[in-house]
file query_18.pdb (PDB, C-alpha atoms)
ATOM      1  CA  MET X  16      14.925 -15.977 -66.872
ATOM      2  CA  LYS X  17      14.480 -19.413 -65.288
ATOM      3  CA  LYS X  18      16.345 -18.210 -62.190
ATOM      4  CA  SER X  19      14.050 -15.199 -61.976
ATOM      5  CA  LYS X  20      10.940 -17.404 -62.169
ATOM      6  CA  LYS X  21      12.403 -19.740 -59.560
ATOM      7  CA  PHE X  22      13.073 -16.793 -57.236
ATOM      8  CA  LEU X  23       9.520 -15.535 -57.682
ATOM      9  CA  CYS X  24       8.139 -18.973 -56.848
ATOM     10  CA  VAL X  25      10.225 -19.150 -53.696
ATOM     11  CA  LEU X  26       9.148 -15.632 -52.713
ATOM     12  CA  CYS X  27       5.464 -16.460 -53.229
ATOM     13  CA  ALA X  28       5.818 -19.608 -51.168
ATOM     14  CA  ALA X  29       7.474 -17.656 -48.351
ATOM     15  CA  CYS X  30       4.691 -15.064 -48.406
ATOM     16  CA  MET X  31       2.054 -17.792 -48.183
ATOM     17  CA  ILE X  32       3.830 -19.347 -45.215
ATOM     18  CA  LEU X  33       3.989 -15.959 -43.449
ATOM     19  CA  ALA X  34       0.341 -15.269 -44.206
ATOM     20  CA  MET X  35      -0.634 -18.584 -42.654
ATOM     21  CA  ALA X  36       1.597 -18.001 -39.645
ATOM     22  CA  VAL X  37       0.178 -14.594 -38.707
ATOM     23  CA  PRO X  38      -3.274 -15.876 -37.613
ATOM     24  CA  VAL X  39      -1.611 -18.679 -35.653
ATOM     25  CA  LEU X  40       0.612 -16.199 -33.824
ATOM     26  CA  ALA X  41      -2.354 -13.929 -33.139
ATOM     27  CA  ALA X  42      -4.366 -16.844 -31.800
ATOM     28  CA  THR X  43      -1.576 -17.945 -29.448
ATOM     29  CA  ALA X  44      -0.618 -14.446 -28.191
ATOM     30  CA  GLU X  45      -1.073 -14.058 -24.429
ATOM     31  CA  PRO X  46      -3.754 -11.507 -23.377
ATOM     32  CA  PRO X  47      -2.561  -8.515 -21.326
ATOM     33  CA  THR X  48      -2.076  -9.129 -17.610
ATOM     34  CA  VAL X  49      -3.976  -7.233 -14.906
ATOM     35  CA  GLU X  50      -0.886  -5.056 -14.412
ATOM     36  CA  GLU X  51      -0.623  -4.336 -18.142
ATOM     37  CA  TYR X  52      -4.298  -3.444 -18.439
ATOM     38  CA  ALA X  53      -4.044  -1.199 -15.360
ATOM     39  CA  GLN X  54      -1.191   0.796 -16.903
ATOM     40  CA  MET X  55      -3.094   1.491 -20.123
ATOM     41  CA  SER X  56      -4.386   5.006 -20.755
ATOM     42  CA  LEU X  57      -8.073   5.726 -20.318
ATOM     43  CA  GLU X  58      -7.858   8.558 -22.817
ATOM     44  CA  GLY X  59      -9.376   7.516 -26.137
ATOM     45  CA  ALA X  60     -10.088   3.967 -24.917
ATOM     46  CA  SER X  61     -13.282   2.212 -25.981
ATOM     47  CA  PRO X  62     -15.996   1.761 -23.316
ATOM     48  CA  GLU X  63     -15.127  -1.944 -23.122
ATOM     49  CA  LEU X  64     -11.431  -1.189 -22.621
ATOM     50  CA  VAL X  65     -12.186   1.525 -20.040
ATOM     51  CA  GLU X  66     -14.159  -1.070 -18.061
ATOM     52  CA  LYS X  67     -11.247  -3.504 -18.226
ATOM     53  CA  ILE X  68      -8.700  -0.863 -17.213
ATOM     54  CA  LEU X  69     -10.748   0.274 -14.214
ATOM     55  CA  ASP X  70     -11.462  -3.322 -13.167
ATOM     56  CA  SER X  71      -7.713  -4.021 -13.260
ATOM     57  CA  ARG X  72      -6.844  -0.880 -11.322
ATOM     58  CA  TRP X  73      -9.481  -1.739  -8.707
ATOM     59  CA  GLU X  74      -8.006  -5.226  -8.359
ATOM     60  CA  LEU X  75      -4.559  -3.782  -7.628
ATOM     61  CA  VAL X  76      -5.722  -0.910  -5.392
ATOM     62  CA  TYR X  77      -7.938  -3.197  -3.287
ATOM     63  CA  GLY X  78      -5.619  -6.189  -3.450
ATOM     64  CA  HIS X  79      -2.803  -7.258  -1.141
ATOM     65  CA  GLN X  80      -1.025  -3.886  -0.937
ATOM     66  CA  ALA X  81      -1.762  -1.576   1.993
ATOM     67  CA  TRP X  82      -1.809   2.193   1.372
ATOM     68  CA  THR X  83      -2.929   5.476   2.860
ATOM     69  CA  VAL X  84      -3.881   9.021   1.887
ATOM     70  CA  ASN X  85      -2.051  11.864   3.655
ATOM     71  CA  GLY X  86      -0.650   9.459   6.247
ATOM     72  CA  ALA X  87      -4.028   8.889   7.920
ATOM     73  CA  VAL X  88      -3.735   5.092   8.172
ATOM     74  CA  SER X  89      -0.833   3.052   9.506
ATOM     75  CA  ILE X  90       0.022  -0.394  10.848
ATOM     76  CA  GLN X  91       0.990  -0.829  14.479
ATOM     77  CA  HIS X  92       2.887  -4.047  15.050
ATOM     78  CA  GLU X  93       2.688  -6.145  18.201
ATOM     79  CA  ASP X  94       6.078  -4.854  19.407
ATOM     80  CA  GLY X  95       4.730  -1.293  19.335
ATOM     81  CA  THR X  96       6.559  -0.169  16.215
ATOM     82  CA  VAL X  97       4.517   1.795  13.703
ATOM     83  CA  GLU X  98       4.756   1.111   9.993
ATOM     84  CA  GLN X  99       3.989   4.167   7.900
ATOM     85  CA  LEU X 100       2.107   3.004   4.844
ATOM     86  CA  PRO X 101       2.994   4.163   1.340
ATOM     87  CA  GLU X 102       0.883   6.959  -0.081
ATOM     88  CA  PHE X 103      -1.655   5.994  -2.715
ATOM     89  CA  SER X 104      -0.273   8.636  -5.051
ATOM     90  CA  ASP X 105       3.238   7.171  -4.782
ATOM     91  CA  LEU X 106       2.114   3.589  -5.360
ATOM     92  CA  PHE X 107      -0.227   4.406  -8.229
ATOM     93  CA  PRO X 108       0.968   7.678  -9.802
ATOM     94  CA  GLY X 109      -1.548   9.304 -12.119
ATOM     95  CA  TRP X 110      -4.455   7.119 -11.003
ATOM     96  CA  ASN X 111      -7.638   8.761  -9.768
ATOM     97  CA  LEU X 112      -8.678   7.066  -6.505
ATOM     98  CA  THR X 113     -12.161   8.581  -6.590
ATOM     99  CA  GLU X 114     -12.687   7.298 -10.120
ATOM    100  CA  ILE X 115     -11.567   3.793  -9.161
ATOM    101  CA  SER X 116     -13.690   3.758  -5.992
ATOM    102  CA  ARG X 117     -16.668   5.106  -7.929
ATOM    103  CA  HIS X 118     -16.248   2.316 -10.454
ATOM    104  CA  GLY X 119     -16.328  -0.167  -7.577
ATOM    105  CA  ALA X 120     -19.432   1.463  -6.162
ATOM    106  CA  GLN X 121     -21.597   0.316  -9.066
ATOM    107  CA  THR X 122     -22.598  -2.695  -6.985
ATOM    108  CA  VAL X 123     -21.957  -2.843  -3.254
ATOM    109  CA  THR X 124     -22.313  -5.601  -0.722
ATOM    110  CA  VAL X 125     -24.666  -4.646   2.117
ATOM    111  CA  PHE X 126     -23.862  -5.931   5.572
ATOM    112  CA  PRO X 127     -26.942  -7.168   7.451
ATOM    113  CA  ASN X 128     -26.220  -4.887  10.399
ATOM    114  CA  SER X 129     -25.838  -1.900   8.031
ATOM    115  CA  LEU X 130     -29.559  -1.991   7.361
ATOM    116  CA  SER X 131     -30.260  -0.675  10.837
ATOM    117  CA  ALA X 132     -27.129   1.461  11.156
ATOM    118  CA  PRO X 133     -27.746   5.141  11.908
ATOM    119  CA  THR X 134     -27.233   7.506   9.015
ATOM    120  CA  SER X 135     -25.406   9.958  11.263
ATOM    121  CA  PRO X 136     -22.031   9.075  12.819
ATOM    122  CA  ARG X 137     -21.777   8.475  16.540
ATOM    123  CA  ALA X 138     -19.232   8.157  19.346
ATOM    124  CA  ILE X 139     -16.309   5.772  18.928
ATOM    125  CA  GLY X 140     -17.088   2.252  20.101
ATOM    126  CA  PHE X 141     -18.309  -0.636  17.971
ATOM    127  CA  ASN X 142     -18.487  -4.279  19.105
ATOM    128  CA  SER X 143     -20.674  -6.566  17.049
ATOM    129  CA  THR X 144     -20.849  -9.381  14.538
ATOM    130  CA  ILE X 145     -20.649  -8.384  10.874
ATOM    131  CA  THR X 146     -20.799 -10.320   7.646
ATOM    132  CA  LEU X 147     -17.564 -10.649   5.696
ATOM    133  CA  ALA X 148     -18.221 -10.910   1.979
ATOM    134  CA  MET X 149     -15.570 -12.056  -0.463
ATOM    135  CA  PRO X 150     -14.141  -9.228  -2.565
ATOM    136  CA  ILE X 151     -15.635  -9.165  -6.064
ATOM    137  CA  SER X 152     -13.520  -7.663  -8.828
ATOM    138  CA  GLY X 153     -14.468  -4.037  -9.270
ATOM    139  CA  LYS X 154     -17.005  -3.993  -6.410
ATOM    140  CA  ASN X 155     -16.606  -2.333  -3.015
ATOM    141  CA  THR X 156     -18.415  -2.935   0.255
ATOM    142  CA  THR X 157     -20.262  -0.217   2.148
ATOM    143  CA  PRO X 158     -19.103   0.889   5.630
ATOM    144  CA  PHE X 159     -20.563  -1.125   8.493
ATOM    145  CA  TYR X 160     -19.869   1.614  11.055
ATOM    146  CA  TYR X 161     -19.688   5.419  11.121
ATOM    147  CA  PHE X 162     -18.273   7.593  13.885
ATOM    148  CA  ASN X 163     -17.093  11.093  14.747
ATOM    149  CA  GLY X 164     -13.352  11.595  15.080
ATOM    150  CA  THR X 165     -12.005  13.002  18.350
ATOM    151  CA  GLY X 166      -8.381  13.521  17.400
ATOM    152  CA  GLU X 167      -7.520  10.124  18.906
ATOM    153  CA  GLU X 168      -6.157   7.116  17.074
ATOM    154  CA  ILE X 169      -8.573   4.232  16.574
ATOM    155  CA  VAL X 170      -8.022   0.586  15.675
ATOM    156  CA  THR X 171     -10.241  -1.984  13.959
ATOM    157  CA  TRP X 172      -9.739  -5.655  14.732
ATOM    158  CA  ALA X 173     -11.562  -8.979  14.681
ATOM    159  CA  GLU X 174     -11.886 -10.913  17.920
ATOM    160  CA  THR X 175     -13.234 -13.950  16.080
ATOM    161  CA  ILE X 176     -13.610 -14.925  12.432
ATOM    162  CA  ALA X 177     -15.782 -17.882  11.482
ATOM    163  CA  ALA X 178     -13.249 -19.686   9.305
ATOM    164  CA  PRO X 179     -10.672 -22.493   9.483
ATOM    165  CA  GLU X 180      -7.572 -21.516  11.455
ATOM    166  CA  SER X 181      -5.450 -20.963   8.336
ATOM    167  CA  GLN X 182      -8.084 -18.640   6.819
ATOM    168  CA  LYS X 183      -8.828 -16.224   9.649
ATOM    169  CA  TYR X 184      -8.016 -13.011   7.776
ATOM    170  CA  PHE X 185      -9.990  -9.942   6.734
ATOM    171  CA  ASN X 186      -9.572  -6.553   5.031
ATOM    172  CA  VAL X 187     -10.248  -3.111   6.506
ATOM    173  CA  GLY X 188     -10.832   0.174   4.708
ATOM    174  CA  TYR X 189     -11.357   3.650   6.168
ATOM    175  CA  THR X 190     -13.362   6.481   4.582
ATOM    176  CA  ASN X 191     -13.705  10.209   5.158
ATOM    177  CA  GLU X 192     -17.455  10.820   5.124
ATOM    178  CA  ASP X 193     -17.003  14.594   5.105
ATOM    179  CA  ILE X 194     -15.627  14.346   1.560
ATOM    180  CA  PRO X 195     -18.294  12.377  -0.319
ATOM    181  CA  ASP X 196     -18.103  11.527  -3.994
ATOM    182  CA  PRO X 197     -20.626  13.881  -5.619
ATOM    183  CA  GLU X 198     -21.787  11.111  -7.954
ATOM    184  CA  THR X 199     -22.273   8.268  -5.449
ATOM    185  CA  GLY X 200     -22.540  10.078  -2.128
ATOM    186  CA  LEU X 201     -20.055   7.589  -0.636
ATOM    187  CA  GLY X 202     -17.181   8.780   1.521
ATOM    188  CA  THR X 203     -13.668   9.139   0.131
ATOM    189  CA  ASP X 204     -11.318   6.232   0.777
ATOM    190  CA  ILE X 205      -8.338   7.265   2.913
ATOM    191  CA  GLY X 206      -6.690   3.932   3.646
ATOM    192  CA  TRP X 207      -6.673   0.197   2.991
ATOM    193  CA  ILE X 208      -5.123  -2.629   5.028
ATOM    194  CA  PRO X 209      -5.650  -6.138   3.620
ATOM    195  CA  ASP X 210      -5.069  -9.625   5.007
ATOM    196  CA  ILE X 211      -5.285  -8.795   8.723
ATOM    197  CA  PRO X 212      -5.047 -11.880  10.972
ATOM    198  CA  VAL X 213      -7.676 -12.476  13.642
ATOM    199  CA  ASN X 214      -6.899 -10.788  17.003
ATOM    200  CA  SER X 215      -4.349  -8.448  15.388
ATOM    201  CA  LYS X 216      -4.781  -4.834  16.462
ATOM    202  CA  ILE X 217      -2.779  -3.352  13.628
ATOM    203  CA  ALA X 218      -5.221  -1.376  11.431
ATOM    204  CA  THR X 219      -4.990   2.113  12.937
ATOM    205  CA  LEU X 220      -6.466   5.430  11.825
ATOM    206  CA  ALA X 221      -5.380   8.842  13.109
ATOM    207  CA  THR X 222      -8.643  10.777  13.369
ATOM    208  CA  GLU X 223      -9.225  14.513  13.237
ATOM    209  CA  ASP X 224     -11.563  16.071  15.779
ATOM    210  CA  GLY X 225     -15.044  16.530  14.330
ATOM    211  CA  THR X 226     -14.379  14.664  11.083
ATOM    212  CA  ARG X 227     -16.850  11.905  10.233
ATOM    213  CA  TYR X 228     -15.397   8.510   9.297
ATOM    214  CA  GLY X 229     -16.603   5.151   8.019
ATOM    215  CA  VAL X 230     -15.135   1.682   8.440
ATOM    216  CA  ARG X 231     -15.700  -1.100   5.928
ATOM    217  CA  ALA X 232     -14.489  -4.679   5.822
ATOM    218  CA  SER X 233     -14.416  -7.740   3.603
ATOM    219  CA  ALA X 234     -13.079 -11.264   3.666
ATOM    220  CA  SER X 235      -9.433 -11.556   2.710
ATOM    221  CA  ALA X 236      -8.472 -13.441  -0.420
ATOM    222  CA  PHE X 237      -6.645 -15.715   2.033
ATOM    223  CA  GLY X 238      -9.866 -16.254   3.974
ATOM    224  CA  VAL X 239     -13.449 -17.273   3.373
ATOM    225  CA  PRO X 240     -16.813 -15.453   3.453
ATOM    226  CA  GLY X 241     -18.665 -15.643   6.728
ATOM    227  CA  SER X 242     -18.967 -13.642   9.908
ATOM    228  CA  ALA X 243     -16.625 -11.925  12.326
ATOM    229  CA  TYR X 244     -16.947 -10.277  15.716
ATOM    230  CA  VAL X 245     -15.318  -6.901  15.105
ATOM    231  CA  HIS X 246     -14.225  -4.045  17.367
ATOM    232  CA  VAL X 247     -13.651  -0.393  16.448
ATOM    233  CA  GLU X 248     -12.152   1.375  19.457
ATOM    234  CA  VAL X 249      -9.690   3.972  20.654
ATOM    235  CA  ASN X 250      -6.189   2.559  20.349
ATOM    236  CA  SER X 251      -4.792   2.339  23.860
TER
END
call {"tool": "encode", "arguments": {"input": "query_18.pdb", "output": "structure tokens"}}
result
Amino acid sequence: MKKSKKFLCVLCAACMILAMAVPVLAATAEPPTVEEYAQMSLEGASPELVEKILDSRWELVYGHQAWTVNGAVSIQHEDGTVEQLPEFSDLFPGWNLTEISRHGAQTVTVFPNSLSAPTSPRAIGFNSTITLAMPISGKNTTPFYYFNGTGEEIVTWAETIAAPESQKYFNVGYTNEDIPDPETGLGTDIGWIPDIPVNSKIATLATEDGTRYGVRASASAFGVPGSAYVHVEVNS
């Protein structure tokens, strides 16, 4: 009988220790990473969790990984070789690009020169100073230039970037304005090339004749906010 009571006392003590340990473990548990949040299912998630999942997906989609849709965008290196970018659907299987872009469109950064930009696209040829805003998690920038495709390949590059030498980088995104999001009216993203060095003519887009396109840009995470003198031209 004494042994039984002793066993019960030991068992109770062990239970108390475990009960005290559980809150400590919960308090010290690491929160999910951006990658872990991004892989969570949106189905059945609370509004707060949906926001976190979409923020995380946006951060990865518009981060340091270049991608394209239907092979429209590629990187042309200085030696003339062309790097075919991975397809969005291969990099992020099951993710809805329109949904992620729409989430980022809740608040957009307006470029000063966009205020006077024509609402209708025009011929290829842009040479002007634009403002480079720092990317904000979950927020996209609006295109600074629209044009009509001619079937030729175009390239976007920065002749100058107002930043220290080690921070002269920017991001470029291309949109198809003929396929607008019905909820936001913004064009569909068809390619993203981040962290482009100044004077590098690498961000190319194969246009289709008669299709309307947009070009948007932002400061690279390796760079700083400021201004840049940017060209959008036929790739010769």
call {"tool": "resolve_selection", "arguments": {"input": "query_18.pdb", "expression": "the PyMOL selection byres ((chain X and resi 82-84) around 6)", "output": "PyMOL selection string"}}
result
chain X and resi 81+85-86+88+100-103+205-207
call {"tool": "resolve_selection", "arguments": {"input": "query_18.pdb", "expression": "the PyMOL selection byres ((chain X and resi 194) around 10)", "output": "ChimeraX atom specification"}}
result
/X:190-193,195-197,200-204,226-228
call {"tool": "residues_near_point", "arguments": {"input": "query_18.pdb", "point": "(-11.7, -24.6, 6.8)", "cutoff": "12 Å", "atoms": "all atoms listed in the file", "output": "PyMOL selection string"}}
result
chain X and resi 176-183+237-241
call {"tool": "write_last_selection", "arguments": {"input": "query_18.pdb", "atoms": "C-alpha atoms", "output": "PDB file, keeping the file's coordinate frame"}}
result
ATOM      1  CA  ILE X 176     -13.610 -14.925  12.432  1.00  0.00           C
ATOM      2  CA  ALA X 177     -15.782 -17.882  11.482  1.00  0.00           C
ATOM      3  CA  ALA X 178     -13.249 -19.686   9.305  1.00  0.00           C
ATOM      4  CA  PRO X 179     -10.672 -22.493   9.483  1.00  0.00           C
ATOM      5  CA  GLU X 180      -7.572 -21.516  11.455  1.00  0.00           C
ATOM      6  CA  SER X 181      -5.450 -20.963   8.336  1.00  0.00           C
ATOM      7  CA  GLN X 182      -8.084 -18.640   6.819  1.00  0.00           C
ATOM      8  CA  LYS X 183      -8.828 -16.224   9.649  1.00  0.00           C
ATOM      9  CA  PHE X 237      -6.645 -15.715   2.033  1.00  0.00           C
ATOM     10  CA  GLY X 238      -9.866 -16.254   3.974  1.00  0.00           C
ATOM     11  CA  VAL X 239     -13.449 -17.273   3.373  1.00  0.00           C
ATOM     12  CA  PRO X 240     -16.813 -15.453   3.453  1.00  0.00           C
ATOM     13  CA  GLY X 241     -18.665 -15.643   6.728  1.00  0.00           C
TER      14      GLY X 241
END
call {"tool": "atom_distance", "arguments": {"input": "query_18.pdb", "atom1": "atom CA of X:Ser104", "atom2": "atom CA of X:Gly78"}}
result
15.8 Å
call {"tool": "closest_residue", "arguments": {"input": "query_18.pdb", "among": "X:Thr222, X:Ser215, X:Ser116, X:Ser242", "to": "X:Thr165", "atoms": "only C-alpha atoms"}}
result
X:Thr222
call {"tool": "residues_around", "arguments": {"input": "query_18.pdb", "residues": "X:Val187", "least_positions_apart": "4", "cutoff": "7 Å", "atoms": "all atoms listed in the file", "output": "MDAnalysis selection string"}}
result
chainID X and resid 207:209 231:233
call {"tool": "residues_around", "arguments": {"input": "query_18.pdb", "residues": "X:Val230", "least_positions_apart": "5", "cutoff": "7 Å", "atoms": "only C-alpha atoms", "output": "ChimeraX atom specification"}}
result
/X:158-161,188-190
call {"tool": "decode", "arguments": {"input": "query_18.pdb", "residues": "stretch 58-69 of chain X", "atoms": "all heavy atoms", "output": "compact mmCIF listing (two decimals), in the first residue's frame"}}
result
# COMPACT_ATOMS: atom_id res chain seq x y z
N GLU X 58 -7.20 27.61 -47.75
CA GLU X 58 -8.52 27.04 -47.52
C GLU X 58 -8.79 26.87 -46.02
O GLU X 58 -8.03 26.21 -45.31
CB GLU X 58 -8.66 25.69 -48.22
CG GLU X 58 -10.06 25.11 -48.18
CD GLU X 58 -10.19 23.84 -48.99
OE1 GLU X 58 -9.24 23.49 -49.71
OE2 GLU X 58 -11.23 23.17 -48.88
N GLY X 59 -9.84 27.49 -45.54
CA GLY X 59 -10.22 27.37 -44.14
C GLY X 59 -9.41 28.22 -43.19
O GLY X 59 -9.64 28.19 -41.98
N ALA X 60 -8.44 29.00 -43.71
CA ALA X 60 -7.60 29.83 -42.85
C ALA X 60 -8.38 31.05 -42.36
O ALA X 60 -9.26 31.56 -43.06
CB ALA X 60 -6.35 30.28 -43.60
N SER X 61 -8.05 31.53 -41.18
CA SER X 61 -8.67 32.73 -40.64
C SER X 61 -8.24 33.93 -41.48
O SER X 61 -7.21 33.89 -42.16
CB SER X 61 -8.26 32.95 -39.20
OG SER X 61 -6.87 33.24 -39.12
N PRO X 62 -9.00 35.03 -41.44
CA PRO X 62 -8.60 36.23 -42.20
C PRO X 62 -7.19 36.69 -41.86
O PRO X 62 -6.44 37.13 -42.74
CB PRO X 62 -9.65 37.27 -41.80
CG PRO X 62 -10.86 36.46 -41.44
CD PRO X 62 -10.31 35.22 -40.80
N GLU X 63 -6.83 36.60 -40.58
CA GLU X 63 -5.49 37.03 -40.16
C GLU X 63 -4.42 36.12 -40.77
O GLU X 63 -3.37 36.60 -41.22
CB GLU X 63 -5.38 37.00 -38.63
CG GLU X 63 -6.24 38.02 -37.91
CD GLU X 63 -7.71 37.59 -37.82
OE1 GLU X 63 -8.02 36.41 -38.14
OE2 GLU X 63 -8.55 38.43 -37.46
N LEU X 64 -4.70 34.81 -40.80
CA LEU X 64 -3.73 33.88 -41.35
C LEU X 64 -3.65 34.02 -42.87
O LEU X 64 -2.56 33.93 -43.44
CB LEU X 64 -4.09 32.44 -40.98
CG LEU X 64 -3.12 31.36 -41.45
CD1 LEU X 64 -1.71 31.66 -40.96
CD2 LEU X 64 -3.58 29.97 -40.97
N VAL X 65 -4.78 34.26 -43.53
CA VAL X 65 -4.78 34.48 -44.97
C VAL X 65 -3.88 35.67 -45.32
O VAL X 65 -3.08 35.61 -46.26
CB VAL X 65 -6.21 34.74 -45.49
CG1 VAL X 65 -6.18 35.30 -46.91
CG2 VAL X 65 -7.03 33.46 -45.45
N GLU X 66 -3.99 36.74 -44.54
CA GLU X 66 -3.15 37.93 -44.75
C GLU X 66 -1.67 37.57 -44.62
O GLU X 66 -0.84 37.99 -45.43
CB GLU X 66 -3.53 39.00 -43.72
CG GLU X 66 -2.85 40.34 -43.94
CD GLU X 66 -3.54 41.18 -45.00
OE1 GLU X 66 -4.60 40.76 -45.50
OE2 GLU X 66 -3.00 42.24 -45.33
N LYS X 67 -1.34 36.78 -43.62
CA LYS X 67 0.05 36.40 -43.38
C LYS X 67 0.56 35.50 -44.50
O LYS X 67 1.70 35.65 -44.97
CB LYS X 67 0.16 35.66 -42.03
CG LYS X 67 1.58 35.44 -41.57
CD LYS X 67 2.28 36.74 -41.25
CE LYS X 67 3.69 36.50 -40.73
NZ LYS X 67 4.40 37.78 -40.47
N ILE X 68 -0.28 34.57 -44.96
CA ILE X 68 0.12 33.67 -46.03
C ILE X 68 0.39 34.44 -47.32
O ILE X 68 1.41 34.25 -47.99
CB ILE X 68 -0.96 32.60 -46.28
CG1 ILE X 68 -1.06 31.65 -45.07
CG2 ILE X 68 -0.66 31.79 -47.54
CD1 ILE X 68 -2.24 30.70 -45.12
N LEU X 69 -0.53 35.35 -47.66
CA LEU X 69 -0.36 36.12 -48.90
C LEU X 69 0.81 37.09 -48.80
O LEU X 69 1.53 37.31 -49.78
CB LEU X 69 -1.65 36.88 -49.22
CG LEU X 69 -2.82 35.99 -49.68
CD1 LEU X 69 -4.07 36.83 -49.90
CD2 LEU X 69 -2.47 35.22 -50.95
